[in-house]
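One structure is given here, and the rest of the page talks about it.
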Amino acid sequence: MPARRTVLREGALLGAGLAAGAPFLSAASRAAVPRAIAPYTAACVQTRGLPTWSSSGAPLPEALAANVETVARAIERTAGESGAQLLVFSEFCLQMPLTRLAPEQWEAGAVDLAGPEIARLRAAAQRAGAHVVLNPVETIAAFPGRYFLTGLLLSPSGEIALTYRKLYDLTGKTRPSDVLPQWRDLYGEDSLFPVADTPLGRIGVTVGTDANWPEMVRSLALRGAEVIATCLASPNVTPSSPAKRAPDAPDANDPALPVMARRLRAYENMAYMLTANLGPVGEADGNPLGDMQPSEIVDYHGNVLAASPDAGARAITATLDIEAQRRARCTPGPANALLQLQSGLHAPDYAAARFDAPPAPGENHAQAQRRRIRDLVARGVLAAPASGLP
């Protein structure tokens, strides 16, 4: 079995209509002489979404259709009004749960990438002449009884240029790492951290809280990514959030840790980070999930170029200068954080730690983590508390 598969294999399996050459960057293509890219406008778009499951967990197809139409119109309107060539939408911009769902309920409300919902959005991207990043909840025929949180990059030609399935954060979704042998056999190694070579630069996609883990963004950067687009649906749910600190705590006005993390990901990888969060949910203004992290566009030095002031339905824009970024990445000196990485020194520690053992068949995430903790304690990687393991 070859180590690298073409994107055509996945397109044939999923019926997603992926174009030849739309793919994951091979080592040869990463080394090719790049073309000059003029500065362009990018946008992070917050749309109003309707809950697509009832309070009892039943799918609401009419709400899904309304959300698809809202996003499709926002693609065309935002590109037309701002001239943005890259538009990033939030996690759950199409399907939005307001109650805890069982995996079978998620699956019942998921979409197929070959279905009419994605076809409508591909057509909108084509009419807008823009690249579009968004997040459907996806079902895959090869994995019955499971659902995936998927990041898509749509091209101006109306094709799916990149497909990524969320790897981090323990929820009821299936991560490719949960079914890794079958996943690799079907889609190949490059499907785990795909990077698309586009006229706007090399683009990678993350979903939700993926970017909280430095390894996630670093893997994309090491595969050539220059722009990391994140579909997010997250409030300030961290103890470091200003709202959760004591009034007399130092630095009480600092942003929440996840907000600082994505700025750090930009700095340490010299990558543009574009993060789009949710807009209003339901008919009323505001968001039932609480105060949302701002949508942000961060440059390759970690500077915030644009940020949303609230969770309203709006778009923020900024100019991305890929040529300036490439010059910075290729300039030696102490400011080049990426060039100073000594990956060979760290590789043995990662290999020896074995934090990432996948769940056994029939084992849930909590059980797998407890098993992993026992193994890490036994090998001395972690030290158990004196009170014993929980």
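Here's how to read the names in the structure tokens: chain A, B, ... by the order shown, residue numbers from 1 in each chain, ligand numbers from 1 in the order shown.
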- Would you mind writing down, as number ranges by chain, each residue of range 121-182 of chain A that DSSP on the backbone assigns to alpha helix (DSSP H)? A: 121-128, 180-182
- Gly57 in chain A environment, 10 Å, only C-alpha atoms, sequence neighbours closer than 5 positions dropped, as JSON, numbers by chain: {"A": [52, 97, 98, 99, 100, 101, 102, 104, 105, 106, 108, 109]}
Using the selection just defined, write its residues with N, CA and C atoms as a short mmCIF file (atom, residue, chain, number, x, y, z; two decimals), in the first residue's frame.
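Output (out.cif):
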data_model
loop_
_atom_site.label_atom_id
_atom_site.label_comp_id
_atom_site.auth_asym_id
_atom_site.auth_seq_id
_atom_site.Cartn_x
_atom_site.Cartn_y
_atom_site.Cartn_z
N THR A 52 -30.60 22.88 14.79
CA THR A 52 -31.03 21.88 13.80
C THR A 52 -31.40 20.55 14.43
N PRO A 97 -26.45 22.09 17.57
CA PRO A 97 -27.19 21.47 18.67
C PRO A 97 -27.25 22.42 19.87
N LEU A 98 -28.35 22.39 20.58
CA LEU A 98 -28.46 23.15 21.83
C LEU A 98 -28.63 22.24 23.03
N THR A 99 -28.73 20.93 22.79
CA THR A 99 -28.81 19.96 23.88
C THR A 99 -27.77 18.88 23.62
N ARG A 100 -27.44 18.13 24.67
CA ARG A 100 -26.48 17.03 24.51
C ARG A 100 -27.12 15.94 23.66
N LEU A 101 -26.38 15.49 22.65
CA LEU A 101 -26.89 14.50 21.72
C LEU A 101 -26.09 13.20 21.81
N ALA A 102 -26.79 12.09 21.62
CA ALA A 102 -26.10 10.80 21.50
C ALA A 102 -25.51 10.69 20.10
N GLU A 104 -25.88 8.58 17.79
CA GLU A 104 -26.85 8.24 16.76
C GLU A 104 -27.74 9.43 16.38
N GLN A 105 -27.95 10.36 17.33
CA GLN A 105 -28.71 11.57 17.01
C GLN A 105 -27.88 12.52 16.15
N TRP A 106 -26.59 12.66 16.48
CA TRP A 106 -25.71 13.44 15.63
C TRP A 106 -25.71 12.87 14.21
N ALA A 108 -27.93 11.16 12.68
CA ALA A 108 -29.20 11.37 11.99
C ALA A 108 -29.32 12.78 11.42
N GLY A 109 -28.63 13.74 12.03
CA GLY A 109 -28.67 15.11 11.54
C GLY A 109 -27.47 15.51 10.72
#
- Query: What's the 6 Å shell around Val298 in chain A, counting only C-alpha atoms, without same-chain residues fewer than 5 positions away, as a list in words?
  - Reply: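 My reading of the contact set: Tyr272, Met273, Asn303, Val304 and Leu305 of chain A.
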- Between A:Gln342, A:Ser54, A:Gln126, A:Ser82, single out the one closest to Met96 in chain A, counting only C-alpha atoms.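 The answer is A:Ser54, which sits nearest to Met96 in chain A.
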- Query: In Å to one decimal, how far is CA of Asp210 in chain A from CA of Gly302 in chain A?
  - Reply: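 Atom-to-atom, CA of Gly302 in chain A and CA of Asp210 in chain A are spaced 17.6 Å apart.
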- In Å, rounded to a single decimal, give me how far CA of Gly158 in chain A is from CA of Ala119 in chain A.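 Between these atoms lies a distance of 8.4 Å.
Those residues that approach Glu76 in chain A to within 7 Å, counting only C-alpha atoms, are Ala124, Arg127 and Ala128 of chain A; same-chain residues fewer than 6 positions away are not listed.
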Could those selected residues go to a file with N, CA and C atoms, as an mmCIF file, in the first residue's frame?
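As a result, out20.cif now contains:
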data_model
loop_
_atom_site.group_PDB
_atom_site.id
_atom_site.type_symbol
_atom_site.label_atom_id
_atom_site.label_comp_id
_atom_site.auth_asym_id
_atom_site.auth_seq_id
_atom_site.Cartn_x
_atom_site.Cartn_y
_atom_site.Cartn_z
ATOM 1 N N ALA A 124 -22.390 28.422 -4.429
ATOM 2 C CA ALA A 124 -22.235 29.782 -3.911
ATOM 3 C C ALA A 124 -20.775 30.230 -3.985
ATOM 4 N N ARG A 127 -20.064 31.083 -7.593
ATOM 5 C CA ARG A 127 -20.635 32.362 -8.005
ATOM 6 C C ARG A 127 -19.866 33.531 -7.396
ATOM 7 N N ALA A 128 -19.386 33.344 -6.156
ATOM 8 C CA ALA A 128 -18.633 34.409 -5.494
ATOM 9 C C ALA A 128 -17.207 34.502 -5.993
#
Near Gln95 in chain A, within 12 Å and counting only C-alpha atoms, which residues show up once chain neighbours fewer than 2 positions away are dropped, as a compact mmCIF listing (two decimals) with C-alpha atoms, in the first residue's frame?
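So the final result, stored in part_28.txt, reads:
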# COMPACT_ATOMS: atom_id res chain seq x y z
CA ARG A 48 -27.09 33.65 12.40
CA GLY A 49 -27.87 29.96 12.81
CA LEU A 50 -30.95 28.02 13.79
CA PRO A 51 -30.80 24.94 16.05
CA THR A 52 -31.03 21.88 13.80
CA TRP A 53 -32.08 19.40 16.45
CA SER A 54 -35.15 19.66 18.67
CA PRO A 59 -33.21 16.40 13.47
CA LEU A 60 -34.90 19.51 12.05
CA PRO A 61 -34.28 19.37 8.28
CA GLU A 62 -36.04 22.65 7.60
CA ALA A 63 -33.65 24.44 9.99
CA LEU A 64 -30.68 22.81 8.26
CA ALA A 65 -31.97 24.01 4.89
CA ALA A 66 -32.37 27.54 6.28
CA ASN A 67 -28.82 27.56 7.65
CA VAL A 68 -27.41 26.34 4.34
CA THR A 70 -27.99 31.71 5.14
CA VAL A 71 -24.37 30.64 4.64
CA SER A 90 -17.77 29.00 12.10
CA GLU A 91 -18.09 25.51 13.44
CA PHE A 92 -21.77 24.48 13.51
CA CYS A 93 -22.68 27.21 11.04
CA PRO A 97 -27.19 21.47 18.67
CA LEU A 98 -28.46 23.15 21.83
CA TRP A 106 -25.71 13.44 15.63
CA GLU A 107 -25.51 10.94 12.79
CA ALA A 108 -29.20 11.37 11.99
CA GLY A 109 -28.67 15.11 11.54
CA ALA A 110 -25.40 14.83 9.61
CA VAL A 111 -24.90 15.36 5.88
CA GLU A 117 -26.41 20.92 1.13
CA LEU A 134 -16.83 25.86 6.61
CA ASN A 135 -17.79 22.98 8.90
CA PRO A 136 -20.50 20.39 8.28
CA VAL A 137 -21.32 17.51 10.60
CA GLU A 138 -20.64 14.62 8.26
CA LEU A 149 -16.82 17.14 12.44
CA THR A 150 -15.41 18.11 9.08
CA ALA A 233 -17.91 27.49 18.15
CA LEU A 278 -20.54 31.62 15.88
CA VAL A 281 -28.17 31.29 17.52
- Item | Best match for closeness to Met292 in chain A among A:Asn212, A:Ser219, A:Gln46, A:Asn269, counting only C-alpha atoms |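 Between A:Asn212, A:Ser219, A:Gln46, A:Asn269, the residue approaching Met292 in chain A most closely is A:Gln46.
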- Item | Test item: residues at most 12 Å from range 177-182 of chain A, only C-alpha atoms, excluding those fewer than 4 positions along its chain, as a VMD selection string | chain A and resid 142 to 143 146 to 148 165 to 173 186 to 189 191 to 193 356 to 365 368
Written file, previous selection with N, CA and C atoms, as an mmCIF file, in the first residue's frame:
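part_30.cif, freshly written:
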data_model
loop_
_atom_site.group_PDB
_atom_site.id
_atom_site.type_symbol
_atom_site.label_atom_id
_atom_site.label_comp_id
_atom_site.auth_asym_id
_atom_site.auth_seq_id
_atom_site.Cartn_x
_atom_site.Cartn_y
_atom_site.Cartn_z
ATOM 1 N N ALA A 142 -18.563 4.492 4.927
ATOM 2 C CA ALA A 142 -17.608 3.464 5.345
ATOM 3 C C ALA A 142 -17.564 3.288 6.855
ATOM 4 N N PHE A 143 -18.168 4.247 7.606
ATOM 5 C CA PHE A 143 -18.138 4.194 9.067
ATOM 6 C C PHE A 143 -19.556 4.357 9.616
ATOM 7 N N ARG A 146 -21.356 6.354 13.073
ATOM 8 C CA ARG A 146 -20.424 7.380 13.532
ATOM 9 C C ARG A 146 -20.718 8.700 12.822
ATOM 10 N N TYR A 147 -20.244 9.782 13.428
ATOM 11 C CA TYR A 147 -20.304 11.078 12.762
ATOM 12 C C TYR A 147 -18.958 11.768 12.924
ATOM 13 N N PHE A 148 -18.671 12.700 12.023
ATOM 14 C CA PHE A 148 -17.399 13.405 11.989
ATOM 15 C C PHE A 148 -17.657 14.905 11.932
ATOM 16 N N ARG A 165 -11.001 16.060 8.870
ATOM 17 C CA ARG A 165 -11.891 15.643 9.956
ATOM 18 C C ARG A 165 -11.209 15.908 11.289
ATOM 19 N N LYS A 166 -11.967 16.524 12.198
ATOM 20 C CA LYS A 166 -11.422 17.014 13.460
ATOM 21 C C LYS A 166 -10.738 15.911 14.252
ATOM 22 N N LEU A 167 -9.527 16.219 14.736
ATOM 23 C CA LEU A 167 -8.692 15.236 15.422
ATOM 24 C C LEU A 167 -8.673 15.400 16.937
ATOM 25 N N TYR A 168 -8.988 16.600 17.439
ATOM 26 C CA TYR A 168 -8.808 16.852 18.870
ATOM 27 C C TYR A 168 -10.129 17.164 19.558
ATOM 28 N N ASP A 169 -10.098 17.089 20.892
ATOM 29 C CA ASP A 169 -11.224 17.373 21.787
ATOM 30 C C ASP A 169 -12.120 16.139 21.891
ATOM 31 N N LEU A 170 -12.278 15.651 23.113
ATOM 32 C CA LEU A 170 -13.029 14.418 23.336
ATOM 33 C C LEU A 170 -14.522 14.712 23.431
ATOM 34 N N THR A 171 -15.248 14.337 22.402
ATOM 35 C CA THR A 171 -16.703 14.412 22.370
ATOM 36 C C THR A 171 -17.206 13.112 21.766
ATOM 37 N N GLY A 172 -18.480 13.063 21.438
ATOM 38 C CA GLY A 172 -19.033 11.836 20.870
ATOM 39 C C GLY A 172 -18.659 11.593 19.425
ATOM 40 N N LYS A 173 -18.041 12.579 18.777
ATOM 41 C CA LYS A 173 -17.649 12.405 17.379
ATOM 42 C C LYS A 173 -16.589 11.320 17.252
ATOM 43 N N LEU A 186 -8.128 3.541 3.815
ATOM 44 C CA LEU A 186 -9.078 4.156 2.894
ATOM 45 C C LEU A 186 -8.575 5.462 2.300
ATOM 46 N N TYR A 187 -7.974 6.314 3.141
ATOM 47 C CA TYR A 187 -7.702 7.690 2.714
ATOM 48 C C TYR A 187 -6.234 8.083 2.718
ATOM 49 N N GLY A 188 -5.365 7.280 3.313
ATOM 50 C CA GLY A 188 -3.954 7.592 3.299
ATOM 51 C C GLY A 188 -3.523 8.524 4.411
ATOM 52 N N GLU A 189 -2.229 8.609 4.609
ATOM 53 C CA GLU A 189 -1.655 9.376 5.715
ATOM 54 C C GLU A 189 -1.907 10.876 5.572
ATOM 55 N N SER A 191 -4.384 12.477 4.613
ATOM 56 C CA SER A 191 -5.733 12.931 4.955
ATOM 57 C C SER A 191 -5.832 13.382 6.405
ATOM 58 N N LEU A 192 -4.850 13.037 7.238
ATOM 59 C CA LEU A 192 -4.895 13.437 8.644
ATOM 60 C C LEU A 192 -4.595 14.921 8.802
ATOM 61 N N PHE A 193 -3.607 15.424 8.080
ATOM 62 C CA PHE A 193 -3.208 16.829 8.164
ATOM 63 C C PHE A 193 -3.111 17.405 6.749
ATOM 64 N N ASP A 356 -0.874 8.846 22.827
ATOM 65 C CA ASP A 356 -1.943 8.848 21.825
ATOM 66 C C ASP A 356 -2.463 7.469 21.454
ATOM 67 N N ALA A 357 -2.414 6.502 22.363
ATOM 68 C CA ALA A 357 -2.954 5.176 22.048
ATOM 69 C C ALA A 357 -4.445 5.285 21.782
ATOM 70 N N PRO A 358 -4.946 4.773 20.651
ATOM 71 C CA PRO A 358 -6.369 4.906 20.333
ATOM 72 C C PRO A 358 -7.224 4.001 21.210
ATOM 73 N N PRO A 359 -8.514 4.310 21.341
ATOM 74 C CA PRO A 359 -9.394 3.430 22.101
ATOM 75 C C PRO A 359 -9.448 2.028 21.488
ATOM 76 N N ALA A 360 -9.601 1.028 22.342
ATOM 77 C CA ALA A 360 -9.807 -0.332 21.849
ATOM 78 C C ALA A 360 -11.226 -0.454 21.324
ATOM 79 N N PRO A 361 -11.525 -1.453 20.504
ATOM 80 C CA PRO A 361 -12.896 -1.628 20.006
ATOM 81 C C PRO A 361 -13.901 -1.698 21.161
ATOM 82 N N GLY A 362 -14.940 -0.880 21.064
ATOM 83 C CA GLY A 362 -15.971 -0.861 22.093
ATOM 84 C C GLY A 362 -15.626 -0.045 23.322
ATOM 85 N N GLU A 363 -14.428 0.550 23.363
ATOM 86 C CA GLU A 363 -13.985 1.320 24.516
ATOM 87 C C GLU A 363 -14.288 2.800 24.281
ATOM 88 N N ASN A 364 -14.914 3.476 25.258
ATOM 89 C CA ASN A 364 -15.185 4.893 25.075
ATOM 90 C C ASN A 364 -13.953 5.723 25.444
ATOM 91 N N HIS A 365 -14.055 7.031 25.208
ATOM 92 C CA HIS A 365 -12.895 7.887 25.417
ATOM 93 C C HIS A 365 -12.448 7.906 26.878
ATOM 94 N N ALA A 368 -10.602 4.738 27.679
ATOM 95 C CA ALA A 368 -9.296 4.741 27.028
ATOM 96 C C ALA A 368 -8.321 5.661 27.752
#
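Rounded to one decimal, CA of Ala366 in chain A and CA of Arg262 in chain A lie 26.7 Å from each other.
Nearest residue to Ala161 in chain A, choosing from A:Ala337, A:Ala125, A:Ile297, A:Cys330 and counting only C-alpha atoms: A:Ala125.
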- Query: Just asking: which residues within range 155-313 of chain A are strand (DSSP E) according to DSSP, as an NGL selection string?
  - Reply: :A and (160-165 or 195-198 or 201-207 or 227-231 or 272-276 or 296-298 or 304-307)
Residues of the last selection are to be written out with N, CA and C atoms, as a tab-separated table (two decimals), in the first residue's frame.
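Saved to again-v9.tsv:
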chain	number	residue	atom	x	y	z
A	160	ILE	N	-14.42	20.77	-3.99
A	160	ILE	CA	-13.90	20.63	-2.63
A	160	ILE	C	-12.38	20.47	-2.75
A	161	ALA	N	-11.66	21.50	-2.31
A	161	ALA	CA	-10.21	21.50	-2.46
A	161	ALA	C	-9.51	20.81	-1.31
A	162	LEU	N	-10.18	20.66	-0.18
A	162	LEU	CA	-9.56	20.06	1.01
A	162	LEU	C	-10.66	19.55	1.93
A	163	THR	N	-10.44	18.38	2.50
A	163	THR	CA	-11.36	17.80	3.47
A	163	THR	C	-10.57	17.35	4.68
A	164	TYR	N	-10.92	17.89	5.84
A	164	TYR	CA	-10.23	17.56	7.10
A	164	TYR	C	-11.27	17.14	8.13
A	165	ARG	N	-11.00	16.06	8.87
A	165	ARG	CA	-11.89	15.64	9.96
A	165	ARG	C	-11.21	15.91	11.29
A	195	VAL	N	-3.11	19.79	3.50
A	195	VAL	CA	-2.80	21.18	3.16
A	195	VAL	C	-3.05	21.33	1.67
A	196	ALA	N	-3.80	22.35	1.29
A	196	ALA	CA	-4.12	22.59	-0.11
A	196	ALA	C	-3.25	23.71	-0.67
A	197	ASP	N	-2.66	23.49	-1.83
A	197	ASP	CA	-1.87	24.50	-2.52
A	197	ASP	C	-2.81	25.27	-3.43
A	198	THR	N	-3.08	26.53	-3.11
A	198	THR	CA	-4.08	27.32	-3.82
A	198	THR	C	-3.46	28.60	-4.35
A	201	GLY	N	-2.14	30.83	-1.58
A	201	GLY	CA	-1.15	30.28	-0.67
A	201	GLY	C	-1.55	28.89	-0.23
A	202	ARG	N	-0.78	28.34	0.65
A	202	ARG	CA	-1.01	26.98	1.13
A	202	ARG	C	-1.90	27.05	2.37
A	203	ILE	N	-3.05	26.41	2.30
A	203	ILE	CA	-4.09	26.57	3.32
A	203	ILE	C	-4.34	25.25	4.04
A	204	GLY	N	-4.37	25.32	5.37
A	204	GLY	CA	-4.78	24.20	6.20
A	204	GLY	C	-6.01	24.60	7.00
A	205	VAL	N	-6.74	23.61	7.49
A	205	VAL	CA	-8.00	23.86	8.20
A	205	VAL	C	-8.00	23.11	9.52
A	206	THR	N	-8.49	23.77	10.57
A	206	THR	CA	-8.75	23.10	11.83
A	206	THR	C	-10.20	23.38	12.23
A	207	VAL	N	-10.71	22.59	13.16
A	207	VAL	CA	-12.10	22.71	13.59
A	207	VAL	C	-12.14	22.83	15.11
A	227	VAL	N	-1.55	29.58	5.75
A	227	VAL	CA	-2.80	30.12	6.30
A	227	VAL	C	-3.53	28.98	6.99
A	228	ILE	N	-3.85	29.15	8.28
A	228	ILE	CA	-4.61	28.16	9.03
A	228	ILE	C	-6.00	28.75	9.30
A	229	ALA	N	-7.02	28.15	8.75
A	229	ALA	CA	-8.39	28.62	8.93
A	229	ALA	C	-9.10	27.72	9.93
A	230	THR	N	-9.67	28.34	10.97
A	230	THR	CA	-10.32	27.58	12.05
A	230	THR	C	-11.80	27.90	12.10
A	231	CYS	N	-12.63	26.87	12.01
A	231	CYS	CA	-14.07	26.99	12.23
A	231	CYS	C	-14.30	26.73	13.72
A	272	TYR	N	-0.49	32.74	9.19
A	272	TYR	CA	-1.72	33.49	9.41
A	272	TYR	C	-2.74	32.56	10.07
A	273	MET	N	-3.43	33.04	11.10
A	273	MET	CA	-4.48	32.28	11.77
A	273	MET	C	-5.79	33.04	11.60
A	274	LEU	N	-6.76	32.42	10.94
A	274	LEU	CA	-8.08	33.02	10.74
A	274	LEU	C	-9.09	32.18	11.49
A	275	THR	N	-9.76	32.76	12.47
A	275	THR	CA	-10.69	32.03	13.32
A	275	THR	C	-12.06	32.68	13.25
A	276	ALA	N	-13.05	31.93	12.79
A	276	ALA	CA	-14.43	32.43	12.73
A	276	ALA	C	-15.26	31.73	13.79
A	296	GLU	N	-11.17	36.27	14.86
A	296	GLU	CA	-9.93	37.02	14.73
A	296	GLU	C	-9.17	36.65	13.46
A	297	ILE	N	-8.45	37.63	12.94
A	297	ILE	CA	-7.45	37.39	11.90
A	297	ILE	C	-6.12	37.84	12.48
A	298	VAL	N	-5.19	36.89	12.61
A	298	VAL	CA	-3.90	37.13	13.25
A	298	VAL	C	-2.80	36.91	12.22
A	304	VAL	N	-2.85	40.86	16.02
A	304	VAL	CA	-4.25	40.80	15.64
A	304	VAL	C	-4.53	41.88	14.59
A	305	LEU	N	-4.93	41.45	13.40
A	305	LEU	CA	-5.24	42.39	12.32
A	305	LEU	C	-6.70	42.83	12.37
A	306	ALA	N	-7.58	41.95	12.83
A	306	ALA	CA	-9.01	42.28	12.91
A	306	ALA	C	-9.64	41.34	13.94
A	307	ALA	N	-10.67	41.84	14.63
A	307	ALA	CA	-11.38	41.04	15.62
A	307	ALA	C	-12.82	41.51	15.70
